[in-house]
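Source file my_file-v2.csv; content: CSV, C-alpha atoms.
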chain,number,residue,atom,x,y,z
A,5,MET,CA,0.0,0.0,0.0
A,6,ASP,CA,1.4,3.4,-1.0
A,7,ILE,CA,0.8,5.7,1.9
A,8,LYS,CA,1.9,8.8,0.0
A,9,ARG,CA,-0.7,8.4,-2.7
A,10,ILE,CA,-3.4,7.7,-0.2
A,11,VAL,CA,-2.5,10.9,1.7
A,12,ALA,CA,-2.4,12.8,-1.6
A,13,PHE,CA,-5.9,11.5,-2.5
A,14,PHE,CA,-7.5,12.4,0.8
A,15,ALA,CA,-5.6,15.7,1.1
A,16,SER,CA,-6.8,16.7,-2.3
A,17,ILE,CA,-10.4,16.0,-1.4
A,18,ALA,CA,-10.1,17.8,1.9
A,19,ILE,CA,-8.6,20.9,0.2
A,20,VAL,CA,-11.3,20.9,-2.5
A,21,PHE,CA,-14.2,20.6,-0.1
A,22,ALA,CA,-12.7,23.2,2.3
A,23,VAL,CA,-12.3,25.7,-0.5
A,24,VAL,CA,-15.9,24.9,-1.8
A,25,LEU,CA,-17.5,25.3,1.7
A,26,TRP,CA,-15.4,28.4,2.5
A,27,THR,CA,-16.1,30.3,-0.8
A,28,SER,CA,-19.5,29.1,-1.9
A,29,PRO,CA,-21.6,31.4,0.3
A,30,HIS,CA,-19.7,34.5,-0.9
A,31,LEU,CA,-19.9,33.4,-4.6
A,32,VAL,CA,-23.7,32.6,-4.4
A,33,SER,CA,-24.5,35.9,-2.7
A,34,ASN,CA,-22.5,38.0,-5.1
A,35,ILE,CA,-23.6,36.5,-8.4
A,36,LYS,CA,-25.9,38.9,-10.3
A,37,LEU,CA,-29.4,37.6,-11.0
A,38,GLY,CA,-31.3,38.4,-14.2
A,39,LEU,CA,-34.7,39.9,-14.2
A,40,ASP,CA,-36.4,36.5,-14.7
A,41,LEU,CA,-35.0,35.4,-11.4
A,42,LYS,CA,-35.0,38.7,-9.5
A,43,GLY,CA,-38.0,40.5,-11.1
A,44,GLY,CA,-37.8,43.7,-13.2
A,45,PHE,CA,-38.4,44.6,-16.8
A,46,GLU,CA,-36.8,44.5,-20.2
A,47,ILE,CA,-37.3,47.0,-23.1
A,48,LEU,CA,-36.2,46.9,-26.7
A,49,TYR,CA,-35.9,50.4,-28.1
A,50,ILE,CA,-35.8,51.4,-31.8
A,51,ALA,CA,-33.6,54.5,-32.1
A,52,GLU,CA,-34.4,57.2,-34.7
A,53,PRO,CA,-32.9,60.6,-35.3
A,54,ILE,CA,-35.1,63.5,-34.1
A,55,GLU,CA,-34.2,65.8,-37.0
A,56,PRO,CA,-35.2,64.8,-40.6
A,57,GLY,CA,-32.3,63.9,-42.9
A,58,GLN,CA,-30.0,62.7,-40.1
A,59,GLN,CA,-29.0,59.0,-39.6
A,60,VAL,CA,-28.4,56.8,-36.6
A,61,THR,CA,-24.7,56.0,-36.5
A,62,LYS,CA,-22.9,53.4,-34.4
A,63,GLU,CA,-21.3,56.2,-32.4
A,64,SER,CA,-24.7,57.9,-31.7
A,65,LEU,CA,-26.2,54.6,-30.8
A,66,LEU,CA,-23.4,53.8,-28.3
A,67,GLU,CA,-23.7,57.3,-26.8
A,68,THR,CA,-27.4,56.9,-26.4
A,69,ALA,CA,-26.9,53.6,-24.7
A,70,ARG,CA,-24.4,55.2,-22.3
A,71,SER,CA,-26.8,58.0,-21.6
A,72,ILE,CA,-29.6,55.4,-20.7
A,73,GLU,CA,-27.2,53.6,-18.5
A,74,ASP,CA,-26.3,56.8,-16.7
A,75,ARG,CA,-29.9,57.6,-16.2
A,76,ALA,CA,-30.6,54.1,-14.9
A,77,ASN,CA,-27.7,54.5,-12.4
A,78,ALA,CA,-29.1,57.8,-11.4
A,79,GLN,CA,-32.4,56.0,-10.5
A,80,LYS,CA,-30.3,53.8,-8.1
A,81,VAL,CA,-30.8,50.7,-10.4
A,82,SER,CA,-28.3,48.0,-9.4
A,83,GLU,CA,-26.1,47.1,-12.4
A,84,PRO,CA,-28.4,47.8,-15.3
A,85,GLU,CA,-27.7,46.0,-18.6
A,86,VAL,CA,-27.8,48.2,-21.6
A,87,THR,CA,-26.7,46.8,-24.9
A,88,THR,CA,-26.9,47.8,-28.6
A,89,GLU,CA,-28.2,45.5,-31.2
A,90,GLY,CA,-28.0,45.8,-34.9
A,91,ARG,CA,-28.0,49.3,-36.4
A,92,ASP,CA,-30.7,51.0,-34.5
A,93,ARG,CA,-31.7,48.9,-31.4
A,94,ILE,CA,-31.0,49.3,-27.7
A,95,ARG,CA,-32.0,46.6,-25.2
A,96,VAL,CA,-32.3,47.6,-21.6
A,97,ARG,CA,-32.7,45.1,-18.7
A,98,LEU,CA,-33.4,46.4,-15.2
A,99,ALA,CA,-33.7,44.0,-12.3
A,100,GLY,CA,-35.3,44.8,-9.0
A,101,ILE,CA,-37.3,47.8,-10.2
A,102,GLU,CA,-40.4,48.9,-8.2
A,103,ASN,CA,-41.4,52.1,-9.9
A,104,GLU,CA,-41.4,50.7,-13.4
A,105,THR,CA,-43.6,53.3,-15.1
A,106,GLU,CA,-41.6,56.2,-13.8
A,107,VAL,CA,-38.2,54.7,-14.7
A,108,ARG,CA,-39.5,53.9,-18.3
A,109,GLU,CA,-40.5,57.5,-18.8
A,110,ILE,CA,-37.2,58.8,-17.6
A,111,LEU,CA,-35.2,56.4,-19.8
A,112,LYS,CA,-36.8,57.2,-23.1
A,113,LYS,CA,-36.7,61.0,-22.7
A,114,PRO,CA,-34.2,62.4,-25.1
A,115,ALA,CA,-31.1,63.8,-23.5
A,116,GLU,CA,-31.1,67.6,-23.4
A,117,LEU,CA,-27.8,69.3,-23.8
A,118,SER,CA,-27.6,73.0,-23.0
A,119,PHE,CA,-25.0,75.7,-22.5
A,120,ARG,CA,-26.2,78.1,-19.8
A,121,GLY,CA,-25.1,81.5,-18.6
A,122,PRO,CA,-24.5,82.4,-14.9
A,123,ASP,CA,-28.3,83.2,-14.5
A,124,GLY,CA,-29.3,79.8,-15.8
A,125,THR,CA,-30.5,81.1,-19.2
A,126,LYS,CA,-30.1,78.5,-21.9
A,127,GLU,CA,-27.8,80.3,-24.4
A,128,MET,CA,-27.3,77.3,-26.7
A,129,VAL,CA,-28.7,73.7,-27.0
A,130,GLY,CA,-27.4,70.5,-28.5
A,131,SER,CA,-28.8,71.2,-32.0
A,132,ASP,CA,-26.7,74.4,-32.3
A,133,PHE,CA,-23.6,72.2,-32.7
A,134,GLU,CA,-22.4,70.4,-35.8
A,135,VAL,CA,-22.9,66.7,-35.8
A,136,GLY,CA,-19.8,65.0,-34.3
A,137,ALA,CA,-18.2,68.4,-34.0
A,138,ALA,CA,-16.8,67.9,-30.5
A,139,GLN,CA,-13.3,66.4,-30.7
A,140,LEU,CA,-10.9,65.4,-28.0
A,141,GLY,CA,-7.5,67.2,-28.2
A,142,PHE,CA,-4.5,68.2,-26.1
A,143,ASP,CA,-2.9,71.6,-25.3
A,144,GLU,CA,0.9,72.4,-25.4
A,145,THR,CA,1.3,70.8,-22.0
A,146,ASN,CA,-0.5,67.6,-23.1
A,147,ARG,CA,-3.6,68.3,-21.0
A,148,PRO,CA,-6.9,67.0,-22.5
A,149,LEU,CA,-9.3,69.6,-24.0
A,150,VAL,CA,-12.4,69.6,-26.2
A,151,ASN,CA,-12.6,71.4,-29.6
A,152,ILE,CA,-16.1,72.2,-30.7
A,153,LYS,CA,-17.8,73.7,-33.8
A,154,VAL,CA,-21.2,75.4,-34.0
A,155,LYS,CA,-23.7,75.6,-36.9
A,156,ASP,CA,-24.3,79.4,-36.5
A,157,PRO,CA,-21.0,81.3,-35.9
A,158,GLU,CA,-22.9,84.6,-35.5
A,159,LYS,CA,-25.1,83.3,-32.7
A,160,PHE,CA,-22.0,81.9,-31.0
A,161,ARG,CA,-20.3,85.3,-31.4
A,162,GLN,CA,-23.2,87.0,-29.7
A,163,VAL,CA,-23.2,84.5,-26.8
A,164,THR,CA,-19.5,84.7,-26.2
A,165,GLN,CA,-19.6,88.6,-26.5
A,166,LYS,CA,-22.3,88.7,-23.8
A,167,LEU,CA,-20.5,86.3,-21.5
A,168,VAL,CA,-16.8,87.3,-21.8
A,169,GLY,CA,-15.1,86.6,-18.4
A,170,GLN,CA,-18.1,84.6,-17.2
A,171,PRO,CA,-18.9,80.9,-17.1
A,172,LEU,CA,-20.8,79.2,-19.9
A,173,ALA,CA,-21.9,76.0,-18.1
A,174,ILE,CA,-22.5,72.7,-19.9
A,175,TYR,CA,-25.6,70.8,-18.7
A,176,LEU,CA,-26.9,67.4,-19.6
A,177,ASP,CA,-30.5,67.6,-18.5
A,178,GLU,CA,-30.2,69.2,-15.1
A,179,VAL,CA,-26.7,67.9,-14.3
A,180,GLU,CA,-23.8,70.4,-14.7
A,181,LEU,CA,-20.9,68.7,-16.4
A,182,SER,CA,-18.5,71.6,-16.6
A,183,ALA,CA,-18.4,75.4,-16.3
A,184,PRO,CA,-15.7,76.8,-18.6
A,185,ILE,CA,-15.0,80.6,-18.6
A,186,VAL,CA,-15.5,82.5,-21.8
A,187,GLN,CA,-12.0,84.0,-22.4
A,188,GLN,CA,-12.8,86.0,-25.5
A,189,VAL,CA,-15.3,86.8,-28.2
A,190,LEU,CA,-15.3,83.9,-30.7
A,191,THR,CA,-16.2,84.8,-34.3
A,192,GLY,CA,-15.1,81.8,-36.3
A,193,GLY,CA,-17.7,79.3,-35.0
A,194,THR,CA,-15.1,77.2,-33.2
A,195,ALA,CA,-14.1,77.1,-29.6
A,196,THR,CA,-11.9,75.2,-27.2
A,197,ILE,CA,-13.1,74.0,-23.8
A,198,SER,CA,-10.1,73.6,-21.5
A,199,GLY,CA,-9.5,73.1,-17.8
A,200,ASN,CA,-8.0,70.7,-15.4
A,201,TYR,CA,-9.8,67.7,-17.0
A,202,THR,CA,-8.6,64.2,-16.9
A,203,TYR,CA,-8.7,62.2,-20.2
A,204,ASP,CA,-12.0,60.5,-19.2
A,205,GLU,CA,-13.6,63.8,-18.1
A,206,ALA,CA,-12.7,65.5,-21.4
A,207,LYS,CA,-13.9,62.5,-23.4
A,208,LYS,CA,-17.2,62.5,-21.5
A,209,ILE,CA,-17.8,66.2,-22.3
A,210,ALA,CA,-17.0,65.6,-26.0
A,211,ASP,CA,-19.2,62.6,-26.1
A,212,THR,CA,-22.0,64.5,-24.4
A,213,ILE,CA,-21.9,67.4,-26.8
A,214,ASN,CA,-21.9,65.0,-29.8
A,215,LEU,CA,-24.9,63.2,-28.3
A,216,GLY,CA,-26.6,66.6,-27.8
A,217,ALA,CA,-25.9,67.5,-31.4
A,218,LEU,CA,-27.5,64.2,-32.6
A,219,PRO,CA,-30.2,63.3,-30.1
A,220,LEU,CA,-32.0,60.0,-30.8
A,221,LYS,CA,-35.7,59.4,-30.4
A,222,LEU,CA,-36.4,56.1,-28.6
A,223,THR,CA,-39.5,54.1,-29.3
A,224,GLU,CA,-40.4,51.0,-27.3
A,225,LYS,CA,-40.6,48.0,-29.7
A,226,TYR,CA,-40.9,45.2,-27.1
A,227,THR,CA,-41.4,45.1,-23.3
A,228,GLN,CA,-41.4,42.3,-20.8
A,229,SER,CA,-42.1,42.5,-17.1
A,230,VAL,CA,-41.4,39.9,-14.5
A,231,GLY,CA,-42.8,40.4,-11.0
A,232,ALA,CA,-40.4,40.2,-8.1
A,233,SER,CA,-42.5,37.4,-6.5
A,234,LEU,CA,-42.6,35.4,-9.8
A,235,GLY,CA,-38.8,35.8,-10.2
A,236,GLN,CA,-38.2,34.6,-6.6
A,237,LEU,CA,-40.5,31.7,-7.2
A,238,SER,CA,-38.6,30.7,-10.3
A,239,LEU,CA,-35.4,30.9,-8.4
A,240,GLU,CA,-36.6,28.8,-5.5
A,241,GLN,CA,-38.1,26.1,-7.9
A,242,THR,CA,-34.9,26.0,-9.9
A,243,VAL,CA,-32.7,25.6,-6.9
A,244,LYS,CA,-35.0,22.9,-5.5
A,245,ALA,CA,-35.0,20.9,-8.7
A,246,SER,CA,-31.2,21.2,-9.1
A,247,ILE,CA,-30.6,19.9,-5.5
A,248,ILE,CA,-33.0,16.9,-6.0
A,249,ALA,CA,-31.4,16.1,-9.4
A,250,SER,CA,-27.9,16.3,-8.0
A,251,ILE,CA,-28.7,14.0,-5.1
A,252,LEU,CA,-30.3,11.4,-7.5
A,253,ILE,CA,-27.2,11.6,-9.8
A,254,VAL,CA,-24.7,11.1,-7.0
A,255,LEU,CA,-26.7,8.1,-5.6
A,256,PHE,CA,-26.9,6.5,-9.0
A,257,MET,CA,-23.2,7.0,-9.7
A,258,ILE,CA,-22.1,5.5,-6.3
A,259,VAL,CA,-24.5,2.6,-6.4
A,260,TYR,CA,-23.8,1.6,-10.0
A,261,TYR,CA,-20.1,2.4,-10.4
A,262,ARG,CA,-18.9,2.0,-6.8
A,263,VAL,CA,-15.5,3.7,-6.2
A,264,PRO,CA,-15.4,5.5,-9.5
A,265,GLY,CA,-18.9,6.8,-8.7
A,266,ILE,CA,-17.6,8.3,-5.5
A,267,VAL,CA,-14.8,10.0,-7.5
A,268,ALA,CA,-17.4,11.2,-10.0
A,269,SER,CA,-19.4,12.8,-7.2
A,270,ILE,CA,-16.3,14.7,-6.0
A,271,THR,CA,-15.5,15.9,-9.5
A,272,ILE,CA,-19.1,17.0,-10.1
A,273,VAL,CA,-19.1,19.0,-6.9
A,274,THR,CA,-15.8,20.6,-8.1
A,275,PHE,CA,-17.3,21.2,-11.5
A,276,ILE,CA,-20.4,23.1,-10.0
A,277,TRP,CA,-18.1,25.2,-7.8
A,278,LEU,CA,-15.8,26.1,-10.6
A,279,MET,CA,-18.8,27.2,-12.7
A,280,LEU,CA,-19.8,29.5,-9.9
A,281,VAL,CA,-16.3,30.9,-9.8
A,282,VAL,CA,-16.3,31.5,-13.6
A,283,THR,CA,-19.7,33.2,-13.4
A,284,TYR,CA,-18.5,35.4,-10.6
A,285,LEU,CA,-15.2,36.3,-12.2
A,286,MET,CA,-17.0,37.1,-15.5
A,287,ASN,CA,-19.4,39.4,-13.6
A,288,ALA,CA,-22.1,37.6,-15.6
A,289,THR,CA,-25.8,37.8,-14.9
A,290,LEU,CA,-27.4,34.5,-14.1
A,291,THR,CA,-30.7,34.0,-15.9
A,292,LEU,CA,-33.0,31.0,-16.4
A,293,PRO,CA,-31.5,30.2,-19.8
A,294,GLY,CA,-28.1,30.4,-18.2
A,295,ILE,CA,-29.2,27.9,-15.5
A,296,ALA,CA,-30.6,25.7,-18.2
A,297,ALA,CA,-27.2,25.6,-19.9
A,298,PHE,CA,-25.6,25.0,-16.5
A,299,VAL,CA,-27.8,22.0,-15.8
A,300,LEU,CA,-27.2,20.7,-19.4
A,301,GLY,CA,-23.4,21.0,-18.6
A,302,VAL,CA,-23.9,18.9,-15.4
A,303,GLY,CA,-25.6,16.3,-17.5
A,304,MET,CA,-22.7,16.3,-20.0
A,305,ALA,CA,-20.2,16.1,-17.0
A,306,VAL,CA,-22.0,13.0,-15.8
A,307,ASP,CA,-22.0,11.6,-19.3
A,308,ALA,CA,-18.2,12.1,-19.5
A,309,ASN,CA,-17.8,10.1,-16.3
A,310,ILE,CA,-20.1,7.3,-17.5
A,311,ILE,CA,-18.3,7.0,-20.9
A,312,THR,CA,-14.9,6.7,-19.1
A,313,TYR,CA,-16.1,4.2,-16.5
A,314,GLU,CA,-17.9,2.0,-19.0
A,315,ARG,CA,-14.7,1.8,-21.1
A,316,ILE,CA,-12.7,0.9,-18.0
A,317,ARG,CA,-15.3,-1.8,-17.1
A,318,GLU,CA,-15.0,-3.2,-20.6
A,319,GLU,CA,-11.2,-3.4,-20.3
A,320,LEU,CA,-11.6,-5.2,-16.9
A,321,ARG,CA,-14.1,-7.7,-18.4
A,322,SER,CA,-11.5,-8.5,-21.1
A,323,GLY,CA,-9.1,-9.7,-18.3
A,324,LYS,CA,-6.7,-6.8,-18.0
A,325,SER,CA,-5.4,-5.6,-14.6
A,326,VAL,CA,-7.1,-2.6,-12.9
A,327,LEU,CA,-4.2,-0.2,-13.7
A,328,SER,CA,-4.0,-1.3,-17.3
A,329,SER,CA,-7.8,-1.0,-17.6
A,330,LEU,CA,-7.7,2.5,-16.1
A,331,LYS,CA,-5.0,3.7,-18.6
A,332,SER,CA,-6.6,2.0,-21.6
A,333,GLY,CA,-10.2,2.9,-20.8
A,334,SER,CA,-9.3,6.6,-20.0
A,335,ARG,CA,-7.4,7.0,-23.2
A,336,HIS,CA,-10.0,5.5,-25.5
A,337,SER,CA,-12.9,7.3,-23.8
A,338,PHE,CA,-11.2,10.7,-24.0
A,339,ARG,CA,-11.5,10.6,-27.8
A,340,THR,CA,-15.3,10.0,-27.6
A,341,ILE,CA,-15.7,12.7,-25.0
A,342,LEU,CA,-13.6,15.2,-27.0
A,343,ASP,CA,-15.6,14.6,-30.2
A,344,ALA,CA,-18.9,15.1,-28.5
A,345,ASN,CA,-17.8,18.2,-26.7
A,346,VAL,CA,-16.1,19.9,-29.7
A,347,THR,CA,-19.3,19.6,-31.7
A,348,THR,CA,-21.3,21.1,-28.8
A,349,ILE,CA,-18.8,24.0,-28.5
A,350,LEU,CA,-19.2,24.7,-32.2
A,351,ALA,CA,-23.0,24.7,-31.8
A,352,GLY,CA,-22.7,27.0,-28.9
A,353,ALA,CA,-20.4,29.4,-30.8
A,354,VAL,CA,-22.9,29.6,-33.7
A,355,LEU,CA,-25.7,30.4,-31.2
A,356,TYR,CA,-23.5,33.1,-29.6
A,357,PHE,CA,-22.7,34.9,-32.8
A,358,LEU,CA,-26.1,34.6,-34.4
A,359,GLY,CA,-28.2,35.0,-31.2
A,360,THR,CA,-28.9,38.0,-29.0
A,361,GLY,CA,-29.6,38.5,-25.3
A,362,ALA,CA,-30.6,35.4,-23.5
A,363,ILE,CA,-29.5,33.2,-26.4
A,364,GLN,CA,-26.0,34.5,-26.2
A,365,GLY,CA,-26.0,34.0,-22.4
A,366,PHE,CA,-27.1,30.4,-22.9
A,367,ALA,CA,-24.5,29.8,-25.5
A,368,LEU,CA,-21.6,31.3,-23.5
A,369,THR,CA,-22.6,29.4,-20.3
A,370,LEU,CA,-22.8,26.2,-22.4
A,371,ILE,CA,-19.3,26.7,-23.8
A,372,PHE,CA,-17.8,27.3,-20.4
A,373,THR,CA,-19.5,24.4,-18.8
A,374,ILE,CA,-17.9,22.1,-21.4
A,375,LEU,CA,-14.4,23.5,-20.9
A,376,VAL,CA,-14.8,23.2,-17.1
A,377,SER,CA,-16.3,19.8,-17.4
A,378,ILE,CA,-13.3,18.5,-19.4
A,379,LEU,CA,-10.9,19.9,-16.8
A,380,THR,CA,-12.7,18.4,-13.8
A,381,ASN,CA,-14.6,15.3,-15.0
A,382,VAL,CA,-11.8,14.0,-17.3
A,383,PHE,CA,-8.4,15.2,-16.0
A,384,PHE,CA,-9.2,15.7,-12.3
A,385,SER,CA,-11.3,12.5,-12.2
A,386,ARG,CA,-8.6,10.5,-13.9
A,387,TRP,CA,-5.9,11.8,-11.6
A,388,LEU,CA,-7.9,10.9,-8.4
A,389,LEU,CA,-8.6,7.4,-9.8
A,390,THR,CA,-5.0,6.9,-10.7
A,391,LEU,CA,-4.0,7.8,-7.1
A,392,LEU,CA,-6.4,5.2,-5.7
A,393,VAL,CA,-5.4,2.5,-8.1
A,394,ARG,CA,-1.6,3.1,-7.7
A,395,SER,CA,-1.9,3.2,-3.9
A,396,ASN,CA,-3.3,-0.4,-4.2
A,397,ILE,CA,-6.4,0.4,-2.2
A,398,VAL,CA,-8.5,-0.2,-5.3
A,399,LYS,CA,-7.1,-3.4,-6.9
A,400,LYS,CA,-10.2,-5.6,-7.5
A,401,PRO,CA,-12.6,-5.3,-10.4
A,402,ALA,CA,-15.4,-5.5,-7.9
A,403,TYR,CA,-14.6,-1.9,-6.8
A,404,PHE,CA,-15.6,-0.9,-10.3
A,405,GLY,CA,-18.9,-2.9,-10.2
A,406,VAL,CA,-17.5,-5.7,-12.3
A,407,LYS,CA,-18.2,-9.2,-11.1
A,408,GLU,CA,-15.6,-12.0,-11.3
A,409,SER,CA,-18.0,-14.1,-13.5
A,410,GLU,CA,-18.0,-11.3,-16.1
A,411,ILE,CA,-14.2,-11.4,-16.6
A,412,ASN,CA,-12.9,-13.3,-19.6
A,413,ALA,CA,-9.7,-15.1,-19.3
A,414,LEU,CA,-6.8,-13.7,-21.5
Please go through the file and, once you have read it, give me the structure as structure tokens.
Amino acid sequence: MDIKRIVAFFASIAIVFAVVLWTSPHLVSNIKLGLDLKGGFEILYIAEPIEPGQQVTKESLLETARSIEDRANAQKVSEPEVTTEGRDRIRVRLAGIENETEVREILKKPAELSFRGPDGTKEMVGSDFEVGAAQLGFDETNRPLVNIKVKDPEKFRQVTQKLVGQPLAIYLDEVELSAPIVQQVLTGGTATISGNYTYDEAKKIADTINLGALPLKLTEKYTQSVGASLGQLSLEQTVKASIIASILIVLFMIVYYRVPGIVASITIVTFIWLMLVVTYLMNATLTLPGIAAFVLGVGMAVDANIITYERIREELRSGKSVLSSLKSGSRHSFRTILDANVTTILAGAVLYFLGTGAIQGFALTLIFTILVSILTNVFFSRWLLTLLVRSNIVKKPAYFGVKESEINAL
């Protein structure tokens, strides 16, 4: 009996379960839940230019999405999801919303950019600027600044003449972004906004002015609301079903495959924990389609173990030793597992690139479950079994569920 390998086996299990028990509560409590599990609503907007003749560009669509996200954050919405789709669509998912009607009205209201004098008078608005006229630049000391260009130089001259030496504050809705001082009368229709800005601050001002020059009108194309109680019920039922299924799977593996079944149970627990880690590190939002992909991944993980153990049992029945059967069965089963998983990964990749929203979440989760499954249920499982077999604790075919009467003589 090899004591070192036995110690390595049990030490590995102890470390794995200690880490799982220690970190799981933190992981579970910090994984974001989608609106189908937490409750909330989802809106798909169609973006259109307000002024005739203008077009929705990729930049204006992204800026509008950022504006919506800022507004959602201003409403104390926890981690809103705002994504652009296609040429003119913006999808918004907000979980945990109570005042849905009020938030929807605020989100679709066009952003109002204004330049205001010291008395609050709106001297200029977003449509007074050329489309995309605000450009990020740098002065002679390499400090960020913003160059702007207006449509009507005469109007700009009159404003700057009136406010020389005074601030001309930049507002987005009712939020002041900056208050640069008018240094001189500007007659050429161009100006420079300078100050002690960071790169991000200057870029935000430039982006905001460009957004104000090309405001987009948002029309709701599709909405879906999920009540908080319904989302909580979905989560509870999903967790309950997952626990029952996991217990049945573990019992089946142990009863049918004996020692390899115990190893499979350990690797499946490791697999589930690693998937929680991946979800947490990716800052991904867990939704019902994501859980479906997760459960499907557990099924494939169990399948990988069954394929491996069945091949090992076939080798044992042919009369080979336990160690030879383990090596040969693991090698041959890996090809089958790899073929099946590669085709599933390809299918997941297609779903990800062609799908949107929940479909992409399902596809991405499915791909990661396969990769983690190979790591835990093939390599980790094989390593644990090899430790047991080489330590001479498991040296009889009966430990693999193979009866002596089933073994053929070589």
Nearest to Gly294 (chain A): which of A:Glu85, A:Asp40, A:Glu205, A:Asp6 is it, counting all atoms listed in the file?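 Ranked by minimum distance to Gly294 (chain A), first place goes to A:Asp40.
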If I take CA of Thr283 (chain A) and CA of Val32 (chain A), how far is one from the other in Å, to one decimal?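 Going from CA of Thr283 (chain A) over to CA of Val32 (chain A) covers 9.9 Å.
With CA of Asp143 (chain A) on one side and CA of Ser182 (chain A) on the other, the separation reads 17.9 Å.
Near region 160-172 of chain A, within 10 Å and counting all atoms listed in the file, sit Ser118, Phe119, Arg120, Gly121, Pro122, Gly124, Thr125, Lys126, Glu127, Met128, Asp132, Phe133, Lys153, Val154, Lys155, Ser182, Ala183, Pro184, Ile185, Val186, Gln187, Gln188, Val189, Leu190, Thr191, Gly192, Gly193, Thr194 and Ala195 of chain A, not including residues fewer than 5 positions from it in the same chain.
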Fewer than 6 positions away in the same chain doesn't count, so skip those; otherwise give me all residues within 8 Å of Ala138 (chain A), counting only C-alpha atoms, as number ranges by chain. A: 150-153, 210-211, 213-214
